[in-house]
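Below is final04.tsv, which holds TSV, C-alpha atoms and all ligand atoms.
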```tsv
chain	number	residue	atom	x	y	z
U	152	MET	CA	-1.17	-72.54	-37.25
U	153	THR	CA	-2.46	-69.25	-35.84
U	154	SER	CA	-0.54	-67.27	-33.26
U	155	ASN	CA	-3.01	-67.88	-30.43
U	156	SER	CA	-3.28	-71.61	-31.03
U	157	ILE	CA	-2.20	-74.19	-28.52
U	158	SER	CA	1.38	-74.75	-29.61
U	159	ALA	CA	2.18	-71.09	-29.08
U	160	ASN	CA	0.51	-70.95	-25.70
U	161	GLN	CA	2.06	-71.73	-22.35
U	162	GLY	CA	-0.57	-72.42	-19.73
U	163	GLY	CA	-4.24	-73.16	-20.00
U	164	PHE	CA	-6.11	-72.80	-23.22
U	165	VAL	CA	-9.63	-73.67	-24.34
U	166	SER	CA	-10.58	-74.71	-27.86
U	167	LEU	CA	-14.33	-74.44	-28.41
U	168	VAL	CA	-14.84	-77.02	-31.13
U	169	GLY	CA	-17.85	-77.96	-33.24
U	170	ALA	CA	-18.12	-81.72	-33.82
U	171	GLY	CA	-20.74	-81.55	-36.58
U	172	PRO	CA	-24.05	-83.40	-36.59
U	173	GLY	CA	-22.88	-86.97	-36.07
U	174	ASP	CA	-21.00	-88.52	-38.99
U	175	PRO	CA	-17.34	-88.45	-37.88
U	176	ASP	CA	-16.29	-87.75	-41.46
U	177	LEU	CA	-17.93	-84.35	-41.07
U	178	LEU	CA	-15.42	-83.23	-38.45
U	179	THR	CA	-13.15	-80.50	-39.74
U	180	VAL	CA	-9.46	-81.30	-40.08
U	181	LYS	CA	-8.79	-78.78	-37.33
U	182	ALA	CA	-11.33	-80.37	-35.00
U	183	LEU	CA	-9.79	-83.80	-35.53
U	184	ARG	CA	-6.29	-82.48	-34.90
U	185	LEU	CA	-7.40	-80.80	-31.67
U	186	ILE	CA	-9.33	-83.75	-30.21
U	187	GLN	CA	-6.31	-85.97	-30.87
U	188	LYS	CA	-4.06	-83.60	-28.88
U	189	ALA	CA	-6.35	-82.37	-26.09
U	190	GLU	CA	-5.52	-83.11	-22.46
U	191	VAL	CA	-9.12	-82.62	-21.35
U	192	ILE	CA	-12.29	-83.01	-23.39
U	193	VAL	CA	-15.53	-81.57	-22.07
U	194	TYR	CA	-18.32	-82.97	-24.24
U	195	ASP	CA	-22.07	-83.05	-24.76
U	196	ARG	CA	-24.72	-85.67	-25.36
U	197	LEU	CA	-24.89	-84.70	-29.04
U	198	VAL	CA	-21.27	-85.62	-29.74
U	199	SER	CA	-21.52	-89.04	-31.39
U	200	PRO	CA	-19.82	-92.13	-29.90
U	201	GLU	CA	-17.95	-92.60	-33.21
U	202	ILE	CA	-16.37	-89.18	-32.73
U	203	MET	CA	-15.47	-89.92	-29.11
U	204	GLU	CA	-13.55	-92.95	-30.38
U	205	LEU	CA	-11.21	-90.60	-32.22
U	206	VAL	CA	-10.10	-88.54	-29.22
U	207	ASN	CA	-6.69	-88.73	-27.56
U	208	PRO	CA	-6.84	-91.97	-25.54
U	209	ASN	CA	-4.94	-90.26	-22.72
U	210	ALA	CA	-7.30	-87.31	-22.46
U	211	GLU	CA	-9.46	-86.84	-19.41
U	212	LEU	CA	-13.10	-87.01	-20.53
U	213	ILE	CA	-15.70	-84.90	-18.75
U	214	TYR	CA	-19.34	-85.44	-19.76
U	215	VAL	CA	-21.67	-82.50	-19.30
U	216	GLY	CA	-24.57	-83.73	-21.43
U	217	LYS	CA	-28.02	-82.34	-21.07
U	218	ARG	CA	-31.50	-83.43	-22.00
U	219	LEU	CA	-34.55	-81.24	-22.44
U	220	ASN	CA	-36.06	-80.42	-19.02
U	221	HIS	CA	-33.38	-82.53	-17.40
U	222	HIS	CA	-30.24	-80.50	-17.10
U	223	CYS	CA	-27.52	-82.87	-15.92
U	224	VAL	CA	-25.05	-80.06	-15.43
U	225	PRO	CA	-26.24	-76.44	-15.17
U	226	GLN	CA	-24.59	-74.06	-17.62
U	227	ASP	CA	-22.75	-72.09	-14.94
U	228	GLN	CA	-21.16	-75.30	-13.69
U	229	ILE	CA	-20.04	-76.18	-17.22
U	230	ASN	CA	-18.49	-72.73	-17.49
U	231	GLN	CA	-16.73	-73.32	-14.19
U	232	VAL	CA	-15.38	-76.72	-15.29
U	233	LEU	CA	-13.74	-75.03	-18.27
U	234	VAL	CA	-12.23	-72.34	-16.08
U	235	ASP	CA	-10.99	-74.83	-13.46
U	236	GLN	CA	-9.37	-77.11	-16.03
U	237	ALA	CA	-7.72	-74.28	-17.94
U	238	GLN	CA	-6.41	-72.79	-14.69
U	239	GLN	CA	-4.55	-76.06	-14.16
U	240	ASP	CA	-2.63	-75.12	-17.33
U	241	LYS	CA	-4.35	-77.74	-19.44
U	242	HIS	CA	-5.36	-77.70	-23.05
U	243	VAL	CA	-9.11	-78.14	-22.87
U	244	VAL	CA	-11.26	-78.99	-25.87
U	245	ARG	CA	-14.88	-78.01	-25.30
U	246	LEU	CA	-16.55	-80.29	-27.84
U	247	LYS	CA	-20.11	-79.55	-28.92
U	248	GLY	CA	-22.48	-81.06	-31.45
U	249	GLY	CA	-22.86	-79.14	-34.69
U	250	ASP	CA	-21.50	-75.61	-34.57
U	251	PRO	CA	-20.69	-74.16	-31.15
U	252	PHE	CA	-22.23	-70.77	-31.93
U	253	ILE	CA	-25.56	-72.04	-33.23
U	254	PHE	CA	-27.90	-72.83	-30.33
U	255	GLY	CA	-24.86	-74.19	-28.53
U	256	ARG	CA	-24.38	-71.59	-25.78
U	257	GLY	CA	-20.77	-71.34	-26.90
U	258	GLY	CA	-20.94	-67.59	-26.56
U	259	GLU	CA	-21.85	-67.84	-22.89
U	260	GLU	CA	-18.92	-70.14	-22.18
U	261	LEU	CA	-16.49	-67.81	-23.92
U	262	GLU	CA	-17.81	-64.78	-22.04
U	263	LYS	CA	-16.88	-66.54	-18.81
U	264	LEU	CA	-13.42	-67.42	-20.13
U	265	ALA	CA	-12.91	-63.83	-21.26
U	266	ILE	CA	-13.77	-62.56	-17.78
U	267	GLU	CA	-11.24	-64.99	-16.30
U	268	GLN	CA	-8.68	-63.98	-18.94
U	269	ILE	CA	-8.28	-67.50	-20.20
U	270	PRO	CA	-7.21	-67.60	-23.85
U	271	PHE	CA	-9.43	-69.49	-26.29
U	272	GLU	CA	-10.14	-70.22	-29.93
U	273	VAL	CA	-13.28	-71.24	-31.79
U	274	VAL	CA	-13.43	-74.00	-34.38
U	275	PRO	CA	-16.70	-73.92	-36.32
U	276	GLY	CA	-18.55	-77.13	-37.07
U	277	ILE	CA	-21.16	-78.20	-39.56
U	278	THR	CA	-24.42	-77.20	-37.97
U	279	ALA	CA	-27.32	-79.66	-37.94
U	280	ALA	CA	-29.31	-77.54	-40.40
U	281	ALA	CA	-26.56	-77.82	-43.01
U	282	GLY	CA	-25.47	-81.39	-42.33
U	283	CYS	CA	-28.85	-83.06	-41.90
U	284	THR	CA	-30.49	-81.42	-44.89
U	285	ALA	CA	-27.50	-82.26	-47.09
U	286	TYR	CA	-27.77	-85.93	-46.09
U	287	ALA	CA	-31.55	-85.81	-46.61
U	288	GLY	CA	-31.25	-84.39	-50.13
U	289	ILE	CA	-32.97	-81.14	-49.13
U	290	PRO	CA	-31.19	-78.02	-50.46
U	291	LEU	CA	-31.72	-75.22	-47.94
U	292	THR	CA	-32.05	-72.72	-50.78
U	293	HIS	CA	-33.06	-73.32	-54.38
U	294	ARG	CA	-33.88	-70.75	-57.03
U	295	ASP	CA	-37.32	-72.26	-57.59
U	296	HIS	CA	-38.20	-72.64	-53.90
U	297	ALA	CA	-36.43	-70.51	-51.30
U	298	GLN	CA	-34.36	-67.35	-51.42
U	299	SER	CA	-33.57	-67.31	-47.72
U	300	VAL	CA	-33.26	-69.63	-44.74
U	301	HIS	CA	-33.99	-69.12	-41.06
U	302	PHE	CA	-32.55	-71.11	-38.14
U	303	ILE	CA	-35.02	-70.92	-35.24
U	304	THR	CA	-35.00	-72.38	-31.74
U	305	GLY	CA	-38.03	-74.49	-30.82
U	306	HIS	CA	-37.57	-73.54	-27.16
U	307	LEU	CA	-40.17	-70.88	-27.74
U	308	LYS	CA	-41.33	-70.18	-24.23
U	309	LYS	CA	-38.26	-70.88	-22.20
U	310	GLU	CA	-36.09	-68.42	-24.03
U	311	GLY	CA	-38.87	-65.83	-23.77
U	312	MET	CA	-38.46	-65.19	-27.45
U	313	ASP	CA	-40.68	-62.95	-29.43
U	314	ILE	CA	-40.63	-64.69	-32.80
U	315	ASP	CA	-41.89	-62.70	-35.75
U	316	TRP	CA	-44.21	-65.40	-37.12
U	317	ALA	CA	-45.57	-63.09	-39.82
U	318	ALA	CA	-42.08	-62.63	-41.27
U	319	LEU	CA	-41.45	-66.38	-41.19
U	320	SER	CA	-44.76	-67.14	-42.89
U	321	LYS	CA	-44.33	-65.10	-46.05
U	322	GLY	CA	-43.17	-68.11	-48.07
U	323	ASN	CA	-40.16	-68.46	-50.41
U	324	THR	CA	-38.07	-69.20	-47.37
U	325	THR	CA	-36.86	-72.33	-45.61
U	326	LEU	CA	-37.48	-72.55	-41.86
U	327	VAL	CA	-35.30	-74.86	-39.80
U	328	PHE	CA	-36.39	-75.42	-36.20
U	329	TYR	CA	-33.85	-76.83	-33.77
U	330	MET	CA	-35.16	-78.47	-30.56
U	331	GLY	CA	-38.67	-78.19	-31.99
U	332	LEU	CA	-40.27	-81.60	-31.44
U	333	LYS	CA	-42.03	-80.76	-28.18
U	334	GLU	CA	-43.31	-77.45	-29.56
U	335	SER	CA	-44.31	-78.79	-32.96
U	336	GLY	CA	-48.03	-78.19	-32.36
U	337	ASN	CA	-47.34	-74.63	-31.35
U	338	ILE	CA	-45.05	-74.06	-34.34
U	339	GLN	CA	-47.71	-75.44	-36.69
U	340	ASP	CA	-50.45	-73.24	-35.20
U	341	LYS	CA	-48.36	-70.08	-35.21
U	342	LEU	CA	-47.26	-70.49	-38.82
U	343	VAL	CA	-50.77	-71.30	-40.08
U	344	SER	CA	-52.31	-68.42	-38.10
U	345	ALA	CA	-49.71	-66.10	-39.58
U	346	GLY	CA	-50.74	-67.11	-43.08
U	347	LEU	CA	-48.45	-69.95	-44.18
U	348	SER	CA	-50.38	-72.50	-46.24
U	349	GLU	CA	-51.24	-75.74	-44.49
U	350	GLU	CA	-50.16	-77.47	-47.70
U	351	THR	CA	-46.55	-76.28	-47.30
U	352	SER	CA	-44.19	-79.25	-47.42
U	353	ILE	CA	-42.34	-80.19	-44.25
U	354	ALA	CA	-39.72	-82.72	-43.24
U	355	ILE	CA	-38.47	-84.00	-39.92
U	356	ILE	CA	-34.92	-85.31	-39.99
U	357	GLU	CA	-34.14	-87.65	-37.12
U	358	ARG	CA	-30.53	-88.46	-36.17
U	359	GLY	CA	-29.31	-86.84	-39.36
U	360	THR	CA	-26.00	-87.93	-40.95
U	361	THR	CA	-25.86	-91.12	-38.86
U	362	PRO	CA	-26.66	-94.68	-39.97
U	363	GLN	CA	-29.94	-94.28	-38.03
U	364	GLN	CA	-31.05	-91.25	-40.05
U	365	ARG	CA	-34.78	-91.14	-40.81
U	366	VAL	CA	-36.62	-88.50	-42.80
U	367	LEU	CA	-40.37	-88.12	-42.25
U	368	THR	CA	-42.22	-85.90	-44.72
U	369	GLY	CA	-45.68	-84.41	-45.06
U	370	THR	CA	-47.44	-81.07	-45.01
U	371	LEU	CA	-47.62	-78.34	-42.38
U	372	SER	CA	-51.12	-79.51	-41.39
U	373	GLN	CA	-49.54	-82.84	-40.33
U	374	LEU	CA	-46.50	-81.42	-38.54
U	375	SER	CA	-47.48	-82.17	-34.94
U	376	THR	CA	-48.79	-85.64	-35.83
U	377	ILE	CA	-45.58	-86.55	-37.64
U	378	ALA	CA	-43.47	-85.09	-34.83
U	379	GLN	CA	-45.01	-87.58	-32.41
U	380	LYS	CA	-43.36	-90.37	-34.40
U	381	ALA	CA	-39.92	-88.77	-34.27
U	382	ALA	CA	-37.24	-89.10	-31.61
U	383	SER	CA	-34.59	-86.65	-30.47
U	384	PRO	CA	-32.40	-85.27	-31.92
U	385	SER	CA	-34.59	-84.14	-34.78
U	386	LEU	CA	-34.74	-81.09	-36.96
U	387	ILE	CA	-37.99	-79.69	-38.34
U	388	VAL	CA	-37.71	-78.21	-41.81
U	389	VAL	CA	-40.62	-76.22	-43.24
U	390	GLY	CA	-40.70	-75.09	-46.85
U	391	SER	CA	-41.15	-76.35	-50.37
U	392	VAL	CA	-37.46	-77.39	-50.65
U	393	THR	CA	-38.41	-80.40	-48.54
U	394	SER	CA	-40.43	-81.74	-51.49
U	395	LEU	CA	-37.08	-82.37	-53.24
U	396	HIS	CA	-36.20	-85.07	-50.69
U	397	SER	CA	-38.02	-87.80	-52.63
U	398	GLN	CA	-35.93	-87.06	-55.74
U	399	LEU	CA	-32.57	-86.09	-54.21
U	400	ASN	CA	-32.33	-88.42	-51.25
U	401	TRP	CA	-28.97	-90.20	-51.68
U	402	PHE	CA	-27.96	-91.30	-48.21
U	403	GLU	CA	-30.55	-93.68	-46.82
U	501	LIG	N1	-24.99	-76.54	-31.92
U	501	LIG	C1	-25.83	-77.53	-32.57
U	501	LIG	C2	-27.29	-77.44	-32.16
U	501	LIG	C3	-27.55	-77.67	-30.69
U	501	LIG	S1	-29.25	-77.60	-30.31
U	501	LIG	C4	-25.69	-77.40	-34.08
U	501	LIG	O1	-25.12	-76.44	-34.58
U	501	LIG	O2	-26.16	-78.30	-34.78
U	501	LIG	C5	-29.71	-79.30	-30.39
U	501	LIG	C6	-30.67	-79.54	-31.55
U	501	LIG	O3	-29.95	-79.64	-32.77
U	501	LIG	C7	-31.43	-80.83	-31.46
U	501	LIG	O4	-32.55	-80.72	-30.61
U	501	LIG	C8	-31.85	-81.03	-32.90
U	501	LIG	O5	-32.93	-80.19	-33.23
U	501	LIG	C9	-30.63	-80.52	-33.63
U	501	LIG	N2	-29.71	-81.60	-34.02
U	501	LIG	C10	-28.44	-81.74	-33.66
U	501	LIG	N3	-27.88	-82.83	-34.21
U	501	LIG	C11	-28.85	-83.40	-34.96
U	501	LIG	C12	-28.92	-84.57	-35.78
U	501	LIG	N4	-27.87	-85.35	-35.96
U	501	LIG	N5	-30.10	-84.85	-36.39
U	501	LIG	C13	-31.16	-84.05	-36.24
U	501	LIG	N6	-31.17	-82.95	-35.47
U	501	LIG	C14	-30.03	-82.62	-34.85
```

In C-alpha cells, write the structure found in this file.
Ligand code: SAH
Amino acid sequence: MTSNSISANQGGFVSLVGAGPGDPDLLTVKALRLIQKAEVIVYDRLVSPEIMELVNPNAELIYVGKRLNHHCVPQDQINQVLVDQAQQDKHVVRLKGGDPFIFGRGGEELEKLAIEQIPFEVVPGITAAAGCTAYAGIPLTHRDHAQSVHFITGHLKKEGMDIDWAALSKGNTTLVFYMGLKESGNIQDKLVSAGLSEETSIAIIERGTTPQQRVLTGTLSQLSTIAQKAASPSLIVVGSVTSLHSQLNWFE
C-alpha cells in the first residue's frame, strides 16, 4: 500500500477510481478493494449496476450521473460534493466509468481538491476504447493496419475544439470517437473532406463489455446512417482494424 493511501491517512481522503467500461470483472483489484471499503461513493451513470452491487453495503451512495444536454448535476456541484464529504473526514471514492482521466473530467475534480488541500489518489481504469474494442475483437493497432491510435471527443462544438482533421485522415491509424453518436454526420463529413476514403471500415460498439454489447459495422460512407441505429453509450471506431471484427469477434 502506498504512503498516501487511505490506511495511512487520518481525515478526509478522495480516491478517484476508474470502474472500467461495464463488465465488473474488468475492475482493477485496487478499485474493488477501495469500493468495498469506501464510506461514501460518488458515482456516474456509466458505472454499471453490476459494479454497484459490489460496493460496501454501508457506504453512502451519491449519484451525480449526467446525460448529454441534460446535466443532472453541474460539474462545480460535483466538485463541491467531493470537498464537502472529504471535509467531514470521510473516505470518498469518486467512481467513474472507464478511466477517470480520459474524457472523465477527473482532472477538474482533482484541481478543486488540490486547491482545498484535500489529499487524493488516482486509480486508473480500463478506458472504453481499450475495453470495448477488446471485447469486439478489434485490435486498436495491428502491423498490417494501424501504427497509431487516437482517442477523440465527439463533443466537437461544445468543447470548442479545433480538431486537426487532416492529421486524422492520413490513414494507417485507428480513430476512436467517444460521445460521437450525435455528431456522427459531422465526423463523417470532416474525415471525408480531409481525404479519408469513404470505403474505410468503421464499427460502432454499443454497451461494450456488457451482455447487451452490439457491434455494428460498415464503411465511413455509412457512418451517420449506422449511428442512427445505435444507442448510448457507444464508441465509434474508424479504421481498417475494424474489418477484423468478423474474424476475431469472440464475445457475442
Ligand atoms: N472515462 C470514460 C469515458 C467517459 S465519456 C472512459 O475512459 O471510458 C463517455 C463515453 O464513453 C460514451 O459516450 C461512450 O462513447 C464511451 N463509453 C463508455 N462506456 C462505454 C461502453 N460500455 N460501450 C461503449 N461506449 C462506451

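Take the candidates U:Gln231, U:Ser383, U:Gly163, U:Ala285 and check each one against U:Arg196 using all atoms listed in the file; the shortest distance goes to U:Ser383.
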
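What separates atom C2 of ligand LIG 501 (chain U) from atom CA of U:Leu347 is a distance of 25.5 Å.
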
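Minimum atom-to-atom distances from U:Ala279, U:Ile377, U:Leu246, U:Leu212 to ligand LIG 501 (chain U) were compared using all atoms listed in the file, and the lowest value belongs to U:Ala279.
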
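Counting from atom C10 of ligand LIG 501 (chain U), the distance to atom CA of U:Val180 is 20.0 Å.
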
Quiz prompt | Selected residue of minimal separation from ligand LIG 501 (chain U) among U:Glu357, U:Asp235, U:Glu190, U:Glu262, counting only C-alpha atoms and all ligand atoms | solution = U:Glu357

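The spacing separating atom CA of U:Glu201 from atom CA of U:Ala382 amounts to 19.7 Å.
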
Practice problem: Might you pull out every residue within 6 Å of stretch 267-275 of chain U, with only C-alpha atoms counted and same-chain residues fewer than 6 positions away left off, and present them as number ranges by chain? | Solution: U: 164-169, 250

Practice problem: Set the cut-off to 6 Å, count all atoms listed in the file, and list whatever residues fall near ligand LIG 501 (chain U) as a VMD selection string. | Solution: chain U and resid 172 to 173 248 to 251 253 to 255 278 to 279 283 329 to 330 356 to 360 384 to 386
